[in-house]
$ cat coords.cif   # mmCIF, C-alpha atoms
data_work
#
loop_
_atom_site.label_atom_id
_atom_site.label_comp_id
_atom_site.auth_asym_id
_atom_site.auth_seq_id
_atom_site.Cartn_x
_atom_site.Cartn_y
_atom_site.Cartn_z
CA MET A 1 133.82 -46.74 -5.91
CA SER A 2 134.87 -49.90 -4.16
CA THR A 3 138.23 -49.84 -2.40
CA GLU A 4 137.48 -53.22 -0.75
CA THR A 5 139.76 -52.35 2.17
CA ALA A 6 139.70 -50.57 5.49
CA GLU A 7 143.18 -49.10 5.57
CA PRO A 8 143.16 -45.27 5.27
CA ALA A 9 146.35 -45.26 3.21
CA ILE A 10 144.82 -47.54 0.61
CA ALA A 11 141.86 -45.27 -0.05
CA ALA A 12 144.29 -42.61 -1.19
CA ALA A 13 146.50 -45.11 -3.01
CA ALA A 14 143.51 -46.32 -5.02
CA PHE A 15 143.06 -42.79 -6.33
CA PRO A 16 145.06 -41.22 -9.20
CA ASP A 17 147.15 -38.17 -8.40
CA PRO A 18 144.98 -35.27 -9.64
CA ALA A 19 148.03 -33.19 -10.48
CA ARG A 20 149.28 -35.87 -12.84
CA SER A 21 146.09 -37.43 -14.18
CA ASP A 22 143.66 -34.53 -14.67
CA PRO A 23 144.23 -32.99 -18.12
CA ALA A 24 143.27 -29.62 -16.70
CA GLY A 25 146.19 -29.80 -14.26
CA PRO A 26 146.13 -29.11 -10.53
CA ALA A 27 144.01 -26.35 -9.07
CA GLY A 28 145.92 -23.26 -8.05
CA PRO A 29 145.97 -21.82 -4.52
CA GLY A 30 142.41 -21.00 -3.46
CA GLU A 31 141.04 -22.15 -6.79
CA GLN A 32 137.72 -24.01 -6.69
CA GLN A 33 136.80 -26.79 -9.11
CA GLU A 34 134.20 -25.29 -11.44
CA LEU A 35 131.05 -27.39 -11.61
CA TYR A 36 128.51 -27.18 -14.39
CA PRO A 37 125.19 -25.74 -13.20
CA VAL A 38 122.28 -28.02 -12.47
CA VAL A 39 119.36 -28.39 -14.87
CA PRO A 40 117.06 -25.32 -14.78
CA ASP A 41 114.42 -25.65 -12.05
CA VAL A 42 116.24 -28.67 -10.58
CA ARG A 43 118.23 -28.20 -7.40
CA VAL A 44 120.32 -30.73 -5.48
CA ARG A 45 119.88 -30.36 -1.73
CA ASP A 46 121.45 -31.92 1.37
CA VAL A 47 118.92 -33.79 3.51
CA VAL A 48 118.97 -36.09 6.52
CA LEU A 49 117.02 -39.36 6.47
CA ASP A 50 115.71 -40.97 9.65
CA ALA A 51 116.38 -44.70 9.90
CA GLU A 52 114.85 -45.71 13.23
CA GLY A 53 116.74 -42.97 15.03
CA VAL A 54 119.90 -43.30 12.94
CA GLU A 55 120.55 -40.19 10.87
CA LEU A 56 121.77 -40.82 7.33
CA SER A 57 123.06 -37.92 5.26
CA ALA A 58 121.84 -37.79 1.68
CA LEU A 59 121.44 -35.69 -1.45
CA ILE A 60 118.06 -35.19 -3.10
CA ALA A 61 116.79 -33.74 -6.37
CA THR A 62 113.09 -33.50 -7.19
CA PRO A 63 111.25 -32.70 -10.43
CA PRO A 64 110.60 -29.02 -11.22
CA PRO A 65 107.96 -27.29 -9.08
CA GLY A 66 104.42 -28.41 -9.76
CA ILE A 67 105.45 -31.73 -11.33
CA PRO A 68 104.76 -34.79 -9.15
CA PRO A 69 107.41 -37.52 -9.27
CA ARG A 70 106.77 -40.43 -11.62
CA ALA A 71 108.71 -42.61 -9.18
CA THR A 72 111.57 -42.31 -6.71
CA VAL A 73 115.11 -43.60 -7.22
CA PHE A 74 117.24 -44.39 -4.17
CA ALA A 75 120.92 -44.52 -5.16
CA VAL A 76 123.54 -46.27 -3.00
CA HIS A 77 127.28 -45.74 -3.51
CA GLY A 78 130.18 -48.18 -3.41
CA GLY A 79 132.86 -48.79 -0.81
CA GLY A 80 135.19 -45.94 0.03
CA MET A 81 132.96 -43.30 -1.61
CA ARG A 82 130.08 -40.97 -0.66
CA ALA A 83 126.65 -40.11 -2.05
CA GLY A 84 128.21 -37.34 -4.16
CA TYR A 85 129.37 -40.10 -6.53
CA PHE A 86 125.95 -39.68 -8.17
CA ASP A 87 126.23 -35.91 -8.50
CA ALA A 88 129.40 -35.45 -10.57
CA ARG A 89 129.23 -32.21 -12.53
CA VAL A 90 132.61 -31.48 -14.10
CA HIS A 91 130.93 -32.13 -17.46
CA PRO A 92 127.33 -31.38 -18.51
CA GLY A 93 124.91 -34.23 -17.95
CA GLN A 94 127.05 -36.33 -15.59
CA SER A 95 124.84 -36.03 -12.51
CA LEU A 96 122.28 -38.80 -11.98
CA LEU A 97 120.40 -36.53 -9.58
CA THR A 98 119.84 -33.64 -11.97
CA LEU A 99 119.20 -35.89 -14.98
CA GLY A 100 116.70 -38.08 -13.13
CA ALA A 101 114.85 -35.09 -11.69
CA SER A 102 114.66 -33.41 -15.11
CA LEU A 103 112.98 -36.59 -16.42
CA GLY A 104 110.37 -36.62 -13.67
CA PHE A 105 111.98 -38.82 -11.01
CA THR A 106 112.84 -37.88 -7.47
CA VAL A 107 116.41 -39.09 -6.90
CA VAL A 108 117.82 -39.63 -3.42
CA ALA A 109 121.51 -40.55 -3.07
CA VAL A 110 122.18 -41.73 0.47
CA ASP A 111 125.42 -42.08 2.41
CA ARG A 112 125.32 -45.73 3.42
CA PRO A 113 125.48 -46.52 7.17
CA GLY A 114 129.06 -46.01 8.31
CA TYR A 115 129.63 -43.13 5.91
CA GLY A 116 128.88 -39.43 6.10
CA LEU A 117 126.73 -38.35 9.02
CA SER A 118 126.52 -41.87 10.49
CA ALA A 119 130.28 -42.53 10.41
CA GLU A 120 130.76 -41.32 13.98
CA ARG A 121 127.94 -43.54 15.23
CA PHE A 122 129.40 -46.58 13.43
CA PRO A 123 133.19 -46.04 13.62
CA THR A 124 133.89 -49.59 12.43
CA GLY A 125 130.97 -49.64 10.01
CA THR A 126 128.03 -52.00 9.73
CA THR A 127 127.33 -55.33 8.07
CA LEU A 128 125.34 -55.52 4.86
CA ALA A 129 122.42 -57.09 6.72
CA GLU A 130 122.44 -54.18 9.17
CA GLN A 131 122.68 -51.68 6.33
CA SER A 132 119.71 -53.32 4.62
CA GLY A 133 117.58 -52.95 7.73
CA LEU A 134 118.52 -49.29 8.11
CA LEU A 135 117.91 -48.61 4.42
CA HIS A 136 114.42 -50.12 4.61
CA ALA A 137 113.72 -48.07 7.74
CA ALA A 138 114.85 -44.86 6.02
CA LEU A 139 112.75 -45.67 2.95
CA ALA A 140 109.65 -46.34 5.05
CA ARG A 141 110.01 -43.06 6.95
CA TYR A 142 110.68 -41.15 3.72
CA ALA A 143 107.59 -42.64 2.05
CA LEU A 144 105.40 -41.55 4.98
CA ARG A 145 106.34 -37.92 4.44
CA HIS A 146 106.92 -37.60 0.70
CA ASP A 147 105.23 -38.43 -2.57
CA THR A 148 107.18 -41.34 -4.08
CA GLY A 149 105.10 -41.52 -7.27
CA ALA A 150 104.51 -45.07 -8.52
CA GLY A 151 107.03 -46.44 -6.04
CA VAL A 152 110.74 -46.83 -5.36
CA PHE A 153 113.63 -48.10 -7.50
CA LEU A 154 117.13 -48.93 -6.32
CA LEU A 155 120.20 -47.85 -8.28
CA ALA A 156 123.44 -49.16 -6.84
CA HIS A 157 127.15 -49.18 -7.60
CA SER A 158 129.83 -51.70 -6.63
CA TYR A 159 129.67 -52.46 -2.88
CA GLY A 160 126.33 -50.66 -2.90
CA GLY A 161 125.16 -53.40 -5.26
CA LYS A 162 125.73 -55.91 -2.48
CA LEU A 163 123.52 -53.80 -0.23
CA ALA A 164 120.90 -53.56 -2.98
CA LEU A 165 120.71 -57.35 -3.29
CA HIS A 166 120.43 -57.70 0.49
CA ALA A 167 117.58 -55.17 0.47
CA LEU A 168 115.84 -56.89 -2.45
CA ALA A 169 116.17 -60.31 -0.79
CA ASP A 170 114.51 -59.00 2.38
CA ASP A 171 110.80 -59.77 2.77
CA ARG A 172 110.18 -56.06 2.19
CA GLY A 173 112.16 -56.17 -1.05
CA ALA A 174 109.16 -57.17 -3.15
CA ALA A 175 107.84 -53.63 -2.73
CA PHE A 176 110.59 -52.20 -4.95
CA LEU A 177 109.70 -51.59 -8.58
CA GLY A 178 113.11 -52.78 -9.77
CA ALA A 179 116.85 -52.26 -9.41
CA ASP A 180 119.80 -51.29 -11.58
CA ILE A 181 123.21 -52.44 -10.31
CA SER A 182 126.57 -51.51 -11.83
CA GLY A 183 130.14 -52.58 -11.13
CA ILE A 184 129.61 -55.95 -9.49
CA SER A 185 129.16 -59.64 -10.27
CA HIS A 186 129.68 -62.65 -7.98
CA ARG A 187 133.22 -63.48 -9.11
CA TYR A 188 136.26 -61.30 -8.50
CA ALA A 189 138.67 -60.77 -11.37
CA VAL A 190 141.52 -60.83 -8.84
CA ASP A 191 142.87 -63.53 -6.54
CA ILE A 192 141.09 -62.63 -3.32
CA GLN A 193 143.42 -64.86 -1.32
CA ASP A 194 146.35 -62.63 -2.29
CA PRO A 195 146.62 -59.70 0.17
CA GLN A 196 148.10 -57.55 -2.59
CA ALA A 197 144.94 -57.99 -4.65
CA PHE A 198 143.25 -55.36 -2.49
CA HIS A 199 146.16 -53.74 -0.70
CA SER A 200 148.52 -52.89 -3.54
CA ARG A 201 149.17 -49.24 -4.29
CA ARG A 202 148.48 -50.09 -7.92
CA THR A 203 144.82 -50.95 -7.35
CA TRP A 204 143.63 -47.52 -8.53
CA SER A 205 143.73 -48.82 -12.11
CA ARG A 206 141.06 -51.38 -11.26
CA HIS A 207 138.77 -48.64 -9.95
CA TRP A 208 139.25 -46.28 -12.83
CA GLY A 209 140.51 -48.04 -15.96
CA ARG A 210 142.10 -45.71 -18.52
CA LEU A 211 142.37 -42.14 -17.28
CA ASP A 212 141.07 -40.73 -20.57
CA LEU A 213 137.68 -42.28 -19.75
CA TYR A 214 137.12 -39.35 -17.36
CA PRO A 215 136.61 -35.63 -18.11
CA PRO A 216 139.25 -33.03 -17.24
CA GLY A 217 139.04 -32.17 -13.55
CA ALA A 218 137.18 -35.36 -12.60
CA PHE A 219 139.76 -36.67 -10.14
CA ARG A 220 140.31 -33.29 -8.52
CA ALA A 221 136.57 -32.80 -8.02
CA VAL A 222 135.82 -36.24 -6.60
CA LYS A 223 138.82 -36.61 -4.29
CA PRO A 224 136.99 -35.08 -1.26
CA LEU A 225 134.39 -37.87 -1.58
CA VAL A 226 136.92 -40.69 -1.21
CA THR A 227 136.99 -42.21 2.28
CA PRO A 228 138.33 -45.42 3.86
CA MET A 229 136.03 -48.42 3.85
CA PRO A 230 134.87 -49.26 7.40
CA LEU A 231 136.42 -52.36 8.96
CA ARG A 232 133.26 -54.46 9.35
CA GLU A 233 132.23 -53.75 5.79
CA ALA A 234 135.62 -54.70 4.41
CA ALA A 235 135.60 -57.94 6.40
CA GLU A 236 132.56 -59.13 4.43
CA ALA A 237 134.14 -58.57 1.02
CA LEU A 238 135.76 -62.01 0.76
CA ARG A 239 132.49 -63.84 1.44
CA TRP A 240 130.49 -62.26 -1.37
CA GLY A 241 130.74 -65.15 -3.82
CA GLU A 242 129.25 -67.48 -1.20
CA GLU A 243 126.43 -65.08 -0.26
CA PHE A 244 125.28 -64.12 -3.74
CA PRO A 245 123.27 -67.26 -4.69
CA GLY A 246 121.16 -67.23 -1.54
CA LEU A 247 120.34 -63.56 -1.95
CA ALA A 248 119.58 -63.79 -5.66
CA ALA A 249 117.20 -66.70 -5.07
CA ARG A 250 114.97 -64.44 -2.93
CA VAL A 251 114.72 -61.50 -5.37
CA ARG A 252 111.24 -60.99 -6.85
CA VAL A 253 111.59 -57.77 -8.87
CA PRO A 254 113.29 -56.90 -12.20
CA VAL A 255 117.06 -56.39 -11.94
CA ARG A 256 119.50 -55.02 -14.49
CA PHE A 257 123.28 -55.46 -14.14
CA THR A 258 125.67 -53.15 -15.98
CA PHE A 259 129.38 -53.81 -16.47
CA ALA A 260 131.82 -51.17 -17.68
CA GLU A 261 133.83 -52.04 -20.78
CA HIS A 262 137.01 -51.61 -18.72
CA GLU A 263 135.76 -53.21 -15.49
CA GLY A 264 138.79 -54.41 -13.55
CA TRP A 265 137.47 -55.81 -10.27
CA TRP A 266 134.83 -58.27 -11.44
CA ARG A 267 134.48 -60.99 -14.04
CA HIS A 268 131.64 -60.35 -16.48
CA ASP A 269 132.23 -62.88 -19.24
CA GLU A 270 129.28 -64.80 -20.66
CA GLU A 271 129.83 -67.82 -18.44
CA THR A 272 129.80 -65.58 -15.36
CA THR A 273 126.61 -63.76 -16.34
CA ASP A 274 124.92 -67.08 -17.18
CA SER A 275 125.86 -68.31 -13.72
CA MET A 276 124.44 -65.15 -12.16
CA ARG A 277 121.20 -65.51 -14.09
CA THR A 278 120.62 -69.08 -12.94
CA ALA A 279 120.90 -67.99 -9.30
CA PHE A 280 117.68 -65.97 -9.64
CA PRO A 281 114.24 -67.59 -9.51
CA ALA A 282 112.98 -69.20 -12.71
CA GLY A 283 111.25 -66.65 -14.89
CA ALA A 284 112.79 -63.67 -13.09
CA GLN A 285 113.51 -60.60 -15.22
CA VAL A 286 117.30 -60.31 -15.00
CA LEU A 287 119.08 -58.25 -17.66
CA PHE A 288 122.77 -57.73 -18.38
CA ASP A 289 124.31 -54.82 -20.23
CA ARG A 290 127.79 -53.47 -20.92
CA GLN A 291 128.62 -49.79 -20.96
CA PRO A 292 131.14 -48.84 -23.66
CA ALA A 293 133.97 -46.40 -22.97
CA ALA A 294 133.68 -46.70 -19.19
CA GLY A 295 135.79 -47.79 -16.24
CA HIS A 296 134.54 -49.23 -12.95
CA ASN A 297 133.42 -45.80 -11.69
CA ILE A 298 130.91 -45.30 -14.51
CA SER A 299 129.04 -42.37 -12.97
CA LEU A 300 132.21 -40.26 -12.80
CA GLY A 301 133.28 -40.70 -16.42
CA TRP A 302 132.39 -39.50 -19.89
CA ALA A 303 129.90 -42.38 -20.12
CA ALA A 304 127.93 -41.27 -17.05
CA ARG A 305 125.04 -39.71 -18.96
CA SER A 306 124.77 -42.70 -21.30
CA TYR A 307 124.68 -45.14 -18.38
CA HIS A 308 122.19 -43.10 -16.37
CA LEU A 309 119.87 -42.77 -19.37
CA ARG A 310 119.99 -46.54 -19.89
CA ALA A 311 119.22 -47.16 -16.23
CA LEU A 312 116.34 -44.70 -16.24
CA ALA A 313 115.02 -46.22 -19.47
CA PHE A 314 114.99 -49.60 -17.70
CA PHE A 315 113.02 -48.00 -14.88
CA GLU A 316 110.59 -46.61 -17.46
CA ASP A 317 110.05 -50.17 -18.73
CA CYS A 318 109.40 -51.31 -15.17
CA LEU A 319 106.77 -48.57 -14.81
CA LEU A 320 104.77 -49.69 -17.86
CA PRO A 321 102.72 -52.33 -16.00
CA HIS A 322 101.74 -49.62 -13.52
CA THR A 323 100.57 -47.18 -16.22
CA ILE A 324 98.86 -49.28 -18.89
#

$ encode --input "coords.cif" --output "structure tokens"
Amino acid sequence: MSTETAEPAIAAAAFPDPARSDPAGPAGPGEQQELYPVVPDVRVRDVVLDAEGVELSALIATPPPGIPPRATVFAVHGGGMRAGYFDARVHPGQSLLTLGASLGFTVVAVDRPGYGLSAERFPTGTTLAEQSGLLHAALARYALRHDTGAGVFLLAHSYGGKLALHALADDRGAAFLGADISGISHRYAVDIQDPQAFHSRRTWSRHWGRLDLYPPGAFRAVKPLVTPMPLREAAEALRWGEEFPGLAARVRVPVRFTFAEHEGWWRHDEETTDSMRTAFPAGAQVLFDRQPAAGHNISLGWAARSYHLRALAFFEDCLLPHTI
């Protein structure tokens, strides 16, 4: 989820009131949100990744015992959210982690630098360039100690998509097998010069779209994951349109962009996607898709399983040259 702001009050304002928006109604005193169980033989665990001495909290799910991973998927969340964005389980099949692991992938969802365990170390956050360096360091250390299968994919949402493109544009980015990025283009669908574009209490509708796009209990379950966007990260938001072409020009691996049917933050009309495509090197494999019945936060809605299956199918296509 991308709040595109650093003010604590806005993170809450960009979030629907669970008592009013969740069809199941508010949880009673002491009541816990019931989560659907994970896939048999697949368990989601908390882990800590080492990024050159910086500890990054993360969630991991691996294939069932005895099955080596076909490849590894590193998932990076958007602004104002946590790694748990990829492990929603108020409806069967929502979780990217359990779905990916059941299909033979190791899936690691990391709290980006400035979030989770590293928030205290970076109280004002980090720039995207700094995040990219730390992500590469964490990936390198992880690969030394774990079987990554055929290699590593990136799956990113919203502000995490900006990090993904920074990481892909890095000289080390050519080592990735591919990337799937949702909820971002290079043109805002709002007037970024208007302070109310990001700071209005009505911005939650841009994050979520129609409330019926999400299962009962979704907002109540995800609310603990919502957190203010760090100051330094938010400061970069307005420059994204200028940075995108230079980053895209240095990407050398297949990339797939997905836009929700009810995306509210970003333009994704044909002229915009054509402009994005031309920013990449000639002959680059750059795909665009649209996810029906979804709002900006695709992985938290009814369409989560559909989107994750499409992303994993794209990764399967990327694996073909390594298996034939």

$ resolve_selection --input "coords.cif" --expression "the PyMOL selection byres ((chain A and resi 107) around 8)" --output "PyMOL selection string"
chain A and resi 60-62+72-75+96-97+100-101+105-106+108-109

$ closest_residue --input "coords.cif" --among "A:Pro40, A:Gly301, A:Gly93, A:Gly160" --to "A:Pro65" --atoms "all atoms listed in the file"
A:Pro40

$ resolve_selection --input "coords.cif" --expression "the PyMOL selection byres ((chain A and resi 280) around 12)" --output "ChimeraX atom specification"
/A:165,168-169,244-255,273-279,281-287

$ write_last_selection --input "coords.cif" --atoms "C-alpha atoms" --output "PDB file, in the coordinates of the input"
ATOM      1  CA  LEU A 165     120.710 -57.350  -3.290  1.00  0.00           C
ATOM      2  CA  LEU A 168     115.840 -56.890  -2.450  1.00  0.00           C
ATOM      3  CA  ALA A 169     116.170 -60.310  -0.790  1.00  0.00           C
ATOM      4  CA  PHE A 244     125.280 -64.120  -3.740  1.00  0.00           C
ATOM      5  CA  PRO A 245     123.270 -67.260  -4.690  1.00  0.00           C
ATOM      6  CA  GLY A 246     121.160 -67.230  -1.540  1.00  0.00           C
ATOM      7  CA  LEU A 247     120.340 -63.560  -1.950  1.00  0.00           C
ATOM      8  CA  ALA A 248     119.580 -63.790  -5.660  1.00  0.00           C
ATOM      9  CA  ALA A 249     117.200 -66.700  -5.070  1.00  0.00           C
ATOM     10  CA  ARG A 250     114.970 -64.440  -2.930  1.00  0.00           C
ATOM     11  CA  VAL A 251     114.720 -61.500  -5.370  1.00  0.00           C
ATOM     12  CA  ARG A 252     111.240 -60.990  -6.850  1.00  0.00           C
ATOM     13  CA  VAL A 253     111.590 -57.770  -8.870  1.00  0.00           C
ATOM     14  CA  PRO A 254     113.290 -56.900 -12.200  1.00  0.00           C
ATOM     15  CA  VAL A 255     117.060 -56.390 -11.940  1.00  0.00           C
ATOM     16  CA  THR A 273     126.610 -63.760 -16.340  1.00  0.00           C
ATOM     17  CA  ASP A 274     124.920 -67.080 -17.180  1.00  0.00           C
ATOM     18  CA  SER A 275     125.860 -68.310 -13.720  1.00  0.00           C
ATOM     19  CA  MET A 276     124.440 -65.150 -12.160  1.00  0.00           C
ATOM     20  CA  ARG A 277     121.200 -65.510 -14.090  1.00  0.00           C
ATOM     21  CA  THR A 278     120.620 -69.080 -12.940  1.00  0.00           C
ATOM     22  CA  ALA A 279     120.900 -67.990  -9.300  1.00  0.00           C
ATOM     23  CA  PRO A 281     114.240 -67.590  -9.510  1.00  0.00           C
ATOM     24  CA  ALA A 282     112.980 -69.200 -12.710  1.00  0.00           C
ATOM     25  CA  GLY A 283     111.250 -66.650 -14.890  1.00  0.00           C
ATOM     26  CA  ALA A 284     112.790 -63.670 -13.090  1.00  0.00           C
ATOM     27  CA  GLN A 285     113.510 -60.600 -15.220  1.00  0.00           C
ATOM     28  CA  VAL A 286     117.300 -60.310 -15.000  1.00  0.00           C
ATOM     29  CA  LEU A 287     119.080 -58.250 -17.660  1.00  0.00           C
TER      30      LEU A 287
END

$ closest_residue --input "coords.cif" --among "A:Thr203, A:Thr98, A:Thr126, A:Ser306" --to "A:Arg43" --atoms "all atoms listed in the file"
A:Thr98

$ resolve_selection --input "coords.cif" --expression "the PyMOL selection byres ((chain A and resi 296-298) around 7)" --output "PyMOL selection string"
chain A and resi 1+183+207-209+260+262-264+294-295+299-301+303-304

$ write_last_selection --input "coords.cif" --atoms "C-alpha atoms" --output "mmCIF file, in the frame of the given file"
data_model
loop_
_atom_site.group_PDB
_atom_site.id
_atom_site.type_symbol
_atom_site.label_atom_id
_atom_site.label_comp_id
_atom_site.auth_asym_id
_atom_site.auth_seq_id
_atom_site.Cartn_x
_atom_site.Cartn_y
_atom_site.Cartn_z
ATOM 1 C CA MET A 1 133.820 -46.740 -5.910
ATOM 2 C CA GLY A 183 130.140 -52.580 -11.130
ATOM 3 C CA HIS A 207 138.770 -48.640 -9.950
ATOM 4 C CA TRP A 208 139.250 -46.280 -12.830
ATOM 5 C CA GLY A 209 140.510 -48.040 -15.960
ATOM 6 C CA ALA A 260 131.820 -51.170 -17.680
ATOM 7 C CA HIS A 262 137.010 -51.610 -18.720
ATOM 8 C CA GLU A 263 135.760 -53.210 -15.490
ATOM 9 C CA GLY A 264 138.790 -54.410 -13.550
ATOM 10 C CA ALA A 294 133.680 -46.700 -19.190
ATOM 11 C CA GLY A 295 135.790 -47.790 -16.240
ATOM 12 C CA SER A 299 129.040 -42.370 -12.970
ATOM 13 C CA LEU A 300 132.210 -40.260 -12.800
ATOM 14 C CA GLY A 301 133.280 -40.700 -16.420
ATOM 15 C CA ALA A 303 129.900 -42.380 -20.120
ATOM 16 C CA ALA A 304 127.930 -41.270 -17.050
#

$ atom_distance --input "coords.cif" --atom1 "atom CA of A:Glu243" --atom2 "atom CA of A:Phe153"
22.5 Å

$ residues_around --input "coords.cif" --residues "A:Asp289" --least-positions-apart "5" --cutoff "9 Å" --atoms "all atoms listed in the file" --output "PyMOL selection string"
chain A and resi 256-260

$ closest_residue --input "coords.cif" --among "A:Arg112, A:His91, A:Arg267, A:Arg121" --to "A:Gly133" --atoms "all atoms listed in the file"
A:Arg112

$ closest_atom_pairs --input "coords.cif" --of "stretch 137-189 of chain A" --to "stretch 223-238 of chain A" --cutoff "12 Å" --atoms "all atoms listed in the file" --output "Markdown table"
| residue | atom | partner | partner_atom | distance |
| --- | --- | --- | --- | --- |
| A:Ser158 | CA | A:Ala237 | CA | 11.1 |
| A:Tyr159 | CA | A:Ala237 | CA | 8.5 |
| A:Gly160 | CA | A:Glu233 | CA | 10.9 |
| A:Lys162 | CA | A:Ala237 | CA | 9.5 |
| A:Leu163 | CA | A:Glu233 | CA | 10.6 |
| A:Ile184 | CA | A:Ala237 | CA | 11.7 |
| A:His186 | CA | A:Leu238 | CA | 10.7 |
| A:Arg187 | CA | A:Leu238 | CA | 10.3 |
| A:Tyr188 | CA | A:Leu238 | CA | 9.3 |

$ closest_residue --input "coords.cif" --among "A:Ser205, A:Ser182, A:Ser57, A:Gln291" --to "A:Gly78" --atoms "all atoms listed in the file"
A:Ser182
